[in-house]
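Trainee: The structure file work_16.txt (compact mmCIF, C-alpha atoms) is provided below.
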```
# COMPACT_ATOMS: atom_id res chain seq x y z
CA MET A 19 -85.95 112.08 152.43
CA PHE A 20 -82.48 111.49 150.97
CA ASN A 21 -79.78 111.78 153.62
CA LEU A 22 -76.43 112.84 152.17
CA ASP A 23 -74.38 111.79 155.18
CA THR A 24 -75.90 108.35 155.16
CA PHE A 25 -75.10 107.97 151.46
CA LYS A 26 -71.48 108.99 151.99
CA THR A 27 -71.10 106.50 154.79
CA PHE A 28 -72.54 103.73 152.64
CA SER A 29 -70.25 104.61 149.70
CA ARG A 30 -67.16 104.46 151.92
CA ALA A 31 -68.20 101.03 153.16
CA VAL A 32 -68.68 99.69 149.64
CA ALA A 33 -65.34 101.08 148.49
CA PHE A 34 -63.53 99.60 151.50
CA SER A 35 -65.13 96.21 150.86
CA ALA A 36 -64.02 96.31 147.21
CA VAL A 37 -60.46 97.17 148.21
CA ALA A 38 -60.46 94.37 150.79
CA VAL A 39 -61.70 91.80 148.25
CA SER A 40 -59.06 92.94 145.71
CA ALA A 41 -56.32 92.68 148.32
CA ILE A 42 -57.39 89.16 149.25
CA ALA A 43 -57.52 88.12 145.58
CA PHE A 44 -54.07 89.65 144.95
CA ALA A 45 -52.63 87.88 147.96
CA GLY A 46 -53.98 84.53 146.72
CA ALA A 47 -52.56 85.07 143.26
CA ALA A 48 -49.21 86.06 144.76
CA LYS A 49 -49.08 82.82 146.72
CA ALA A 50 -49.97 80.78 143.59
CA ALA A 51 -47.41 82.46 141.30
CA PRO A 52 -44.86 84.83 142.82
CA VAL A 53 -44.26 87.86 140.69
CA GLN A 54 -40.75 88.17 139.30
CA LEU A 55 -39.81 91.72 140.05
CA PHE A 56 -36.71 91.83 137.81
CA PRO A 57 -37.26 89.53 134.82
CA PHE A 58 -34.16 90.81 133.00
CA PHE A 59 -31.86 89.16 135.55
CA GLN A 60 -31.30 85.48 134.58
CA PRO A 61 -30.13 82.99 137.21
CA LEU A 62 -26.51 81.93 136.88
CA PRO A 63 -25.86 78.36 135.65
CA PRO A 64 -24.77 75.86 138.28
CA PHE A 65 -21.05 75.97 138.98
CA ALA A 66 -19.18 73.12 137.22
CA ALA A 67 -16.25 71.57 139.00
CA PRO A 68 -13.00 71.82 137.00
CA GLN A 69 -12.01 68.66 135.14
CA PRO A 70 -8.72 67.03 136.14
CA ILE A 71 -5.85 67.81 133.76
CA GLN A 72 -4.91 64.78 131.65
CA PRO A 73 -1.22 63.96 131.40
CA TYR A 74 0.39 64.82 128.06
CA GLN A 75 0.17 62.07 125.46
CA PRO A 76 2.53 62.25 122.48
CA TYR A 77 0.85 62.18 119.08
CA GLN A 78 0.49 58.77 117.56
CA ALA A 79 -0.13 58.46 113.85
CA PRO A 80 -3.19 56.34 112.96
CA THR A 81 -2.51 52.85 111.74
CA TYR A 82 -3.74 51.66 108.38
CA GLN A 83 -4.21 48.26 106.79
CA THR A 84 -1.17 47.67 104.65
CA GLU A 85 -1.23 46.08 101.26
CA PRO A 86 -0.21 42.44 100.96
CA SER A 87 3.53 41.87 100.83
CA GLU A 88 5.11 42.06 97.40
CA ASP A 89 7.20 38.99 98.26
CA GLN A 90 5.90 36.59 95.64
CA ASP A 91 7.15 33.57 97.59
CA ALA A 92 4.88 34.37 100.57
CA VAL A 93 2.38 31.78 99.27
CA GLU A 94 1.92 28.90 101.70
CA MET A 95 3.49 25.86 100.05
CA PRO A 96 2.29 22.29 100.64
CA ALA A 97 4.79 20.53 102.87
CA ARG A 98 5.90 18.12 100.17
CA PHE A 99 7.01 20.97 97.89
CA ARG A 100 9.13 22.72 100.49
CA ARG A 101 12.87 22.48 100.06
CA GLN A 102 14.18 19.57 102.14
CA THR A 103 16.88 16.92 102.30
CA VAL A 104 15.59 13.44 101.50
CA SER A 105 16.86 9.92 100.98
CA TYR A 106 17.56 9.40 97.28
CA ALA A 107 19.34 6.39 95.83
CA THR A 108 21.15 7.15 92.59
CA ARG A 109 24.42 6.37 90.85
CA GLU A 110 24.73 9.94 89.62
CA ALA A 111 27.57 12.02 91.00
CA PRO A 112 27.00 14.68 93.65
CA GLY A 113 26.04 17.97 92.05
CA THR A 114 23.87 16.35 89.38
CA ILE A 115 20.33 17.71 88.88
CA ILE A 116 17.55 15.20 88.26
CA ILE A 117 14.13 16.48 87.17
CA ASP A 118 11.36 14.10 88.25
CA THR A 119 8.76 15.39 85.80
CA PRO A 120 5.83 13.12 86.81
CA ASN A 121 6.12 13.95 90.52
CA THR A 122 7.07 17.62 89.98
CA TYR A 123 10.32 17.43 91.96
CA LEU A 124 13.85 18.56 91.27
CA TYR A 125 16.63 16.65 93.05
CA TYR A 126 20.08 18.07 93.60
CA VAL A 127 22.26 15.05 94.39
CA LEU A 128 24.28 15.42 97.59
CA GLY A 129 25.82 11.94 97.65
CA ASN A 130 25.73 9.24 100.33
CA GLY A 131 22.17 8.36 99.39
CA GLN A 132 20.79 11.86 99.91
CA ALA A 133 19.55 14.70 97.76
CA LEU A 134 18.10 18.16 98.22
CA ARG A 135 14.55 18.13 96.89
CA TYR A 136 12.64 21.12 95.54
CA GLY A 137 9.03 21.41 94.39
CA ILE A 138 8.77 22.51 90.76
CA GLY A 139 6.31 23.36 88.01
CA VAL A 140 6.71 21.53 84.70
CA GLY A 141 5.41 21.59 81.14
CA ARG A 142 1.71 21.23 80.50
CA ASP A 143 0.31 18.36 78.47
CA GLY A 144 2.11 18.12 75.16
CA PHE A 145 5.04 20.28 76.31
CA THR A 146 7.03 17.91 78.51
CA TRP A 147 10.38 16.60 77.31
CA SER A 148 13.16 14.35 78.56
CA GLY A 149 16.85 13.81 78.05
CA THR A 150 20.22 14.88 79.38
CA GLN A 151 21.53 18.43 79.12
CA SER A 152 24.01 20.62 80.95
CA VAL A 153 23.87 24.12 82.34
CA THR A 154 25.48 26.37 79.73
CA ARG A 155 24.69 29.78 81.23
CA LYS A 156 23.49 31.36 84.46
CA ALA A 157 21.74 34.72 84.90
CA GLU A 158 20.43 36.77 87.81
CA TRP A 159 17.10 38.52 87.24
CA PRO A 160 17.21 37.47 83.58
CA ALA A 161 15.48 39.30 80.76
CA TRP A 162 12.93 37.29 78.81
CA THR A 163 12.74 37.01 75.04
CA PRO A 164 10.00 34.52 74.13
CA PRO A 165 11.18 32.14 71.38
CA PRO A 166 9.45 32.30 67.98
CA GLU A 167 7.64 29.02 68.65
CA MET A 168 6.01 30.51 71.74
CA ILE A 169 5.08 33.77 70.00
CA ALA A 170 3.48 31.76 67.18
CA ARG A 171 1.23 30.07 69.76
CA GLN A 172 0.67 33.19 71.87
CA PRO A 173 1.05 36.27 69.64
CA TYR A 174 -0.01 38.60 72.46
CA LEU A 175 3.27 37.95 74.35
CA PRO A 176 5.85 40.76 74.54
CA ARG A 177 8.81 40.43 72.20
CA HIS A 178 11.16 41.27 75.06
CA MET A 179 10.82 41.91 78.79
CA ALA A 180 13.51 43.30 81.07
CA GLY A 181 14.45 41.35 84.18
CA GLY A 182 12.74 42.15 87.47
CA PRO A 183 10.06 40.97 89.90
CA GLY A 184 7.37 41.05 87.20
CA ASN A 185 9.36 38.93 84.77
CA PRO A 186 8.08 35.33 84.33
CA LEU A 187 11.64 33.98 84.66
CA GLY A 188 11.84 35.23 88.23
CA ALA A 189 15.03 35.85 90.19
CA ARG A 190 17.44 33.38 88.52
CA ALA A 191 17.76 31.28 85.39
CA MET A 192 19.98 28.37 84.34
CA TYR A 193 19.98 27.74 80.59
CA LEU A 194 20.04 24.14 79.37
CA GLY A 195 22.35 23.32 76.46
CA GLY A 196 21.32 24.85 73.15
CA THR A 197 17.60 24.34 73.85
CA ILE A 198 14.93 26.94 74.56
CA TYR A 199 14.44 25.43 78.01
CA ARG A 200 15.59 26.82 81.35
CA ILE A 201 15.41 26.12 85.05
CA HIS A 202 14.18 29.43 86.42
CA GLY A 203 12.20 31.23 89.11
CA THR A 204 8.63 32.45 88.85
CA ASN A 205 6.41 35.36 89.82
CA ALA A 206 3.54 32.88 90.21
CA PRO A 207 4.59 30.58 93.09
CA ASP A 208 1.11 29.06 93.25
CA THR A 209 1.97 27.16 90.02
CA ILE A 210 4.56 25.00 91.82
CA GLY A 211 3.44 21.37 91.61
CA LYS A 212 1.42 22.05 88.47
CA ARG A 213 1.86 21.44 84.76
CA VAL A 214 1.51 24.87 83.18
CA SER A 215 4.73 25.85 81.39
CA SER A 216 5.87 25.46 77.78
CA GLY A 217 8.60 23.06 78.87
CA CYS A 218 10.72 25.10 81.27
CA ILE A 219 11.24 24.01 84.87
CA ARG A 220 10.19 26.59 87.44
CA LEU A 221 10.89 26.97 91.16
CA THR A 222 9.95 29.65 93.66
CA ASN A 223 12.32 32.61 93.64
CA ASP A 224 13.70 31.58 97.01
CA ASP A 225 14.35 28.00 95.88
CA VAL A 226 15.85 28.92 92.51
CA SER A 227 18.21 31.35 94.27
CA ASP A 228 19.31 28.53 96.59
CA LEU A 229 19.82 26.11 93.69
CA TYR A 230 21.62 28.78 91.65
CA SER A 231 24.17 29.20 94.45
CA ARG A 232 25.01 25.46 94.28
CA VAL A 233 25.10 24.97 90.52
CA ASN A 234 28.02 25.68 88.22
CA VAL A 235 28.12 26.03 84.45
CA GLY A 236 28.60 22.50 83.11
CA THR A 237 26.34 20.85 85.74
CA LYS A 238 24.66 17.74 84.39
CA VAL A 239 20.84 17.86 84.20
CA ILE A 240 18.76 14.72 83.68
CA VAL A 241 15.09 15.19 82.80
CA LEU A 242 12.98 12.09 83.34
CA PRO A 243 10.11 11.44 80.90
CA MET A 244 6.51 11.93 81.91
CA THR A 245 5.83 8.22 81.34
CA GLU A 246 8.47 7.16 83.85
CA ARG A 247 6.38 7.80 86.92
CA ARG A 248 8.13 6.75 90.09
CA ALA A 249 6.86 6.36 93.59
CA GLU A 250 7.99 9.18 95.85
CA LEU A 251 11.48 8.23 96.94
CA GLY A 252 12.46 8.14 100.59
CA THR A 253 11.46 10.39 103.42
CA ALA A 254 12.75 13.71 104.58
CA THR A 255 15.88 13.52 106.70
CA ARG A 256 15.87 17.15 107.80
```
What is this structure when it is put down as structure tokens?
Mentor:
Amino acid sequence: MFNLDTFKTFSRAVAFSAVAVSAIAFAGAAKAAPVQLFPFFQPLPPFAAPQPIQPYQPYQAPTYQTEPSEDQDAVEMPARFRRQTVSYATREAPGTIIIDTPNTYLYYVLGNGQALRYGIGVGRDGFTWSGTQSVTRKAEWPAWTPPPEMIARQPYLPRHMAGGPGNPLGARAMYLGGTIYRIHGTNAPDTIGKRVSSGCIRLTNDDVSDLYSRVNVGTKVIVLPMTERRAELGTATR
């Protein structure tokens, strides 16, 4: 016969066992992964130590690569074309200019067996000349008016160009007699020692300025012919 009290006792035992098993399972889960009771609170980041204050540094503008110097005479010249005093035997009076066309030198006679030697550029093949002239005019930063003979050969040339750094005559010019030829500077110093002109004698702007300061109107100028090739005379004395 069914006993109600016995059934109640059995039901309580089963319920207690279920609760005990659940508690044990919950305790195991809690040990494996603790429950975060307040998930909306985030842990604070670790405290960073303050950085030391750097001493004040004044502003410095950045540096930039500059363009090459506009000084046209900054080209490195071979030693033999640099202005120098040399031994030079001649009967010409001090102050005379002698153009050694074959060796591309200009000598300014000092006397006592010495001369000041400059490297020069001379006329290209077919445009060299020789003879004796004198300086009839001097000009600083001369304007350039190509002669008709030059324009006939090179019609693209300007009919006139004002003096200045871009002018082919350079910083100074000394005009020779009634000819179209001049001793002048150049804006192409790399042509010193070469045969490229239409007959004029060119020096670097620095050298022509030095020569210009020594030369007077009336100075005698002797231009040696291309066929009269001499050995290089003497050695530098200073």
Trainee: Might you pull out every residue within 12 Å of Asp228 in chain A, with all atoms listed in the file counted and same-chain residues fewer than 3 positions away left off, and present them as a list in words?
Mentor: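 Here the answer would be Arg101, Gln102, Tyr126, Leu134, Arg135, Tyr136, Ala189, Arg190, Ala191, His202, Gly203, Leu221, Thr222, Asn223, Asp224, Asp225, Ser231, Arg232 and Val233 of chain A.
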Trainee: Write a file of the selected residues as a CSV table (one decimal), in the coordinates of the input, keeping C-alpha atoms.
Mentor:
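Everything below was put into again11.csv:
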```csv
chain,number,residue,atom,x,y,z
A,101,ARG,CA,12.9,22.5,100.1
A,102,GLN,CA,14.2,19.6,102.1
A,126,TYR,CA,20.1,18.1,93.6
A,134,LEU,CA,18.1,18.2,98.2
A,135,ARG,CA,14.6,18.1,96.9
A,136,TYR,CA,12.6,21.1,95.5
A,189,ALA,CA,15.0,35.8,90.2
A,190,ARG,CA,17.4,33.4,88.5
A,191,ALA,CA,17.8,31.3,85.4
A,202,HIS,CA,14.2,29.4,86.4
A,203,GLY,CA,12.2,31.2,89.1
A,221,LEU,CA,10.9,27.0,91.2
A,222,THR,CA,10.0,29.6,93.7
A,223,ASN,CA,12.3,32.6,93.6
A,224,ASP,CA,13.7,31.6,97.0
A,225,ASP,CA,14.4,28.0,95.9
A,231,SER,CA,24.2,29.2,94.4
A,232,ARG,CA,25.0,25.5,94.3
A,233,VAL,CA,25.1,25.0,90.5
```
Trainee: Tell me which protein, DNA and RNA residues are within 10 Å of range 119-124 of chain A, counting only C-alpha atoms, leaving out same-chain ones fewer than 5 positions away, and put them as a PDB file with C-alpha atoms, in the coordinates of the input.
Mentor:
```pdb
ATOM      1  CA  ARG A  98       5.900  18.120 100.170  1.00  0.00           C
ATOM      2  CA  PHE A  99       7.010  20.970  97.890  1.00  0.00           C
ATOM      3  CA  ARG A 101      12.870  22.480 100.060  1.00  0.00           C
ATOM      4  CA  ALA A 133      19.550  14.700  97.760  1.00  0.00           C
ATOM      5  CA  LEU A 134      18.100  18.160  98.220  1.00  0.00           C
ATOM      6  CA  ARG A 135      14.550  18.130  96.890  1.00  0.00           C
ATOM      7  CA  TYR A 136      12.640  21.120  95.540  1.00  0.00           C
ATOM      8  CA  GLY A 137       9.030  21.410  94.390  1.00  0.00           C
ATOM      9  CA  ILE A 138       8.770  22.510  90.760  1.00  0.00           C
ATOM     10  CA  GLY A 139       6.310  23.360  88.010  1.00  0.00           C
ATOM     11  CA  VAL A 140       6.710  21.530  84.700  1.00  0.00           C
ATOM     12  CA  GLY A 141       5.410  21.590  81.140  1.00  0.00           C
ATOM     13  CA  THR A 146       7.030  17.910  78.510  1.00  0.00           C
ATOM     14  CA  TRP A 147      10.380  16.600  77.310  1.00  0.00           C
ATOM     15  CA  SER A 148      13.160  14.350  78.560  1.00  0.00           C
ATOM     16  CA  ILE A 201      15.410  26.120  85.050  1.00  0.00           C
ATOM     17  CA  ILE A 210       4.560  25.000  91.820  1.00  0.00           C
ATOM     18  CA  GLY A 211       3.440  21.370  91.610  1.00  0.00           C
ATOM     19  CA  LYS A 212       1.420  22.050  88.470  1.00  0.00           C
ATOM     20  CA  ARG A 213       1.860  21.440  84.760  1.00  0.00           C
ATOM     21  CA  ILE A 219      11.240  24.010  84.870  1.00  0.00           C
ATOM     22  CA  ARG A 220      10.190  26.590  87.440  1.00  0.00           C
ATOM     23  CA  LEU A 221      10.890  26.970  91.160  1.00  0.00           C
ATOM     24  CA  LEU A 229      19.820  26.110  93.690  1.00  0.00           C
ATOM     25  CA  VAL A 239      20.840  17.860  84.200  1.00  0.00           C
ATOM     26  CA  ILE A 240      18.760  14.720  83.680  1.00  0.00           C
ATOM     27  CA  VAL A 241      15.090  15.190  82.800  1.00  0.00           C
ATOM     28  CA  LEU A 242      12.980  12.090  83.340  1.00  0.00           C
ATOM     29  CA  PRO A 243      10.110  11.440  80.900  1.00  0.00           C
ATOM     30  CA  MET A 244       6.510  11.930  81.910  1.00  0.00           C
ATOM     31  CA  THR A 245       5.830   8.220  81.340  1.00  0.00           C
ATOM     32  CA  GLU A 246       8.470   7.160  83.850  1.00  0.00           C
ATOM     33  CA  ARG A 247       6.380   7.800  86.920  1.00  0.00           C
ATOM     34  CA  ARG A 248       8.130   6.750  90.090  1.00  0.00           C
ATOM     35  CA  ALA A 249       6.860   6.360  93.590  1.00  0.00           C
ATOM     36  CA  GLU A 250       7.990   9.180  95.850  1.00  0.00           C
TER      37      GLU A 250
END
```
Trainee: Counting only C-alpha atoms, what is within 9 Å of Asn234 in chain A, bar same-chain residues fewer than 6 positions away, as a ChimeraX atom specification?
Mentor: /A:113,153-156
Trainee: So how far away is CA of Pro165 in chain A from CA of Asp208 in chain A, in Å?
Mentor: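 Here the two named atoms are 24.3 Å from each other.
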Trainee: Quote the spacing between CA of Asn185 in chain A and CA of Thr197 in chain A in Å to one decimal place.
Mentor: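 Straight-line distance from CA of Asn185 in chain A to CA of Thr197 in chain A works out to 20.0 Å.
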Trainee: Which residue gives the smallest distance to Ala161 in chain A among A:Val226, A:Thr103, A:Gly184, A:Tyr174, with only C-alpha atoms counted?
Mentor: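 Under the stated criterion, the closest residue is A:Gly184.
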Trainee: Could you jot down the CA of Gln132 in chain A to CA of Thr150 in chain A separation for me, Å, one decimal place?
Mentor: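 Computed distance, CA of Gln132 in chain A to CA of Thr150 in chain A, equals 20.8 Å.
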Trainee: Out of A:Gly131, A:Pro207, A:Gly195, A:Gly181, which residue has the shortest atom-to-atom distance to Val235 in chain A when counting all atoms listed in the file?
Mentor: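 When distances to Val235 in chain A are compared using all atoms listed in the file, the smallest one comes from A:Gly195.
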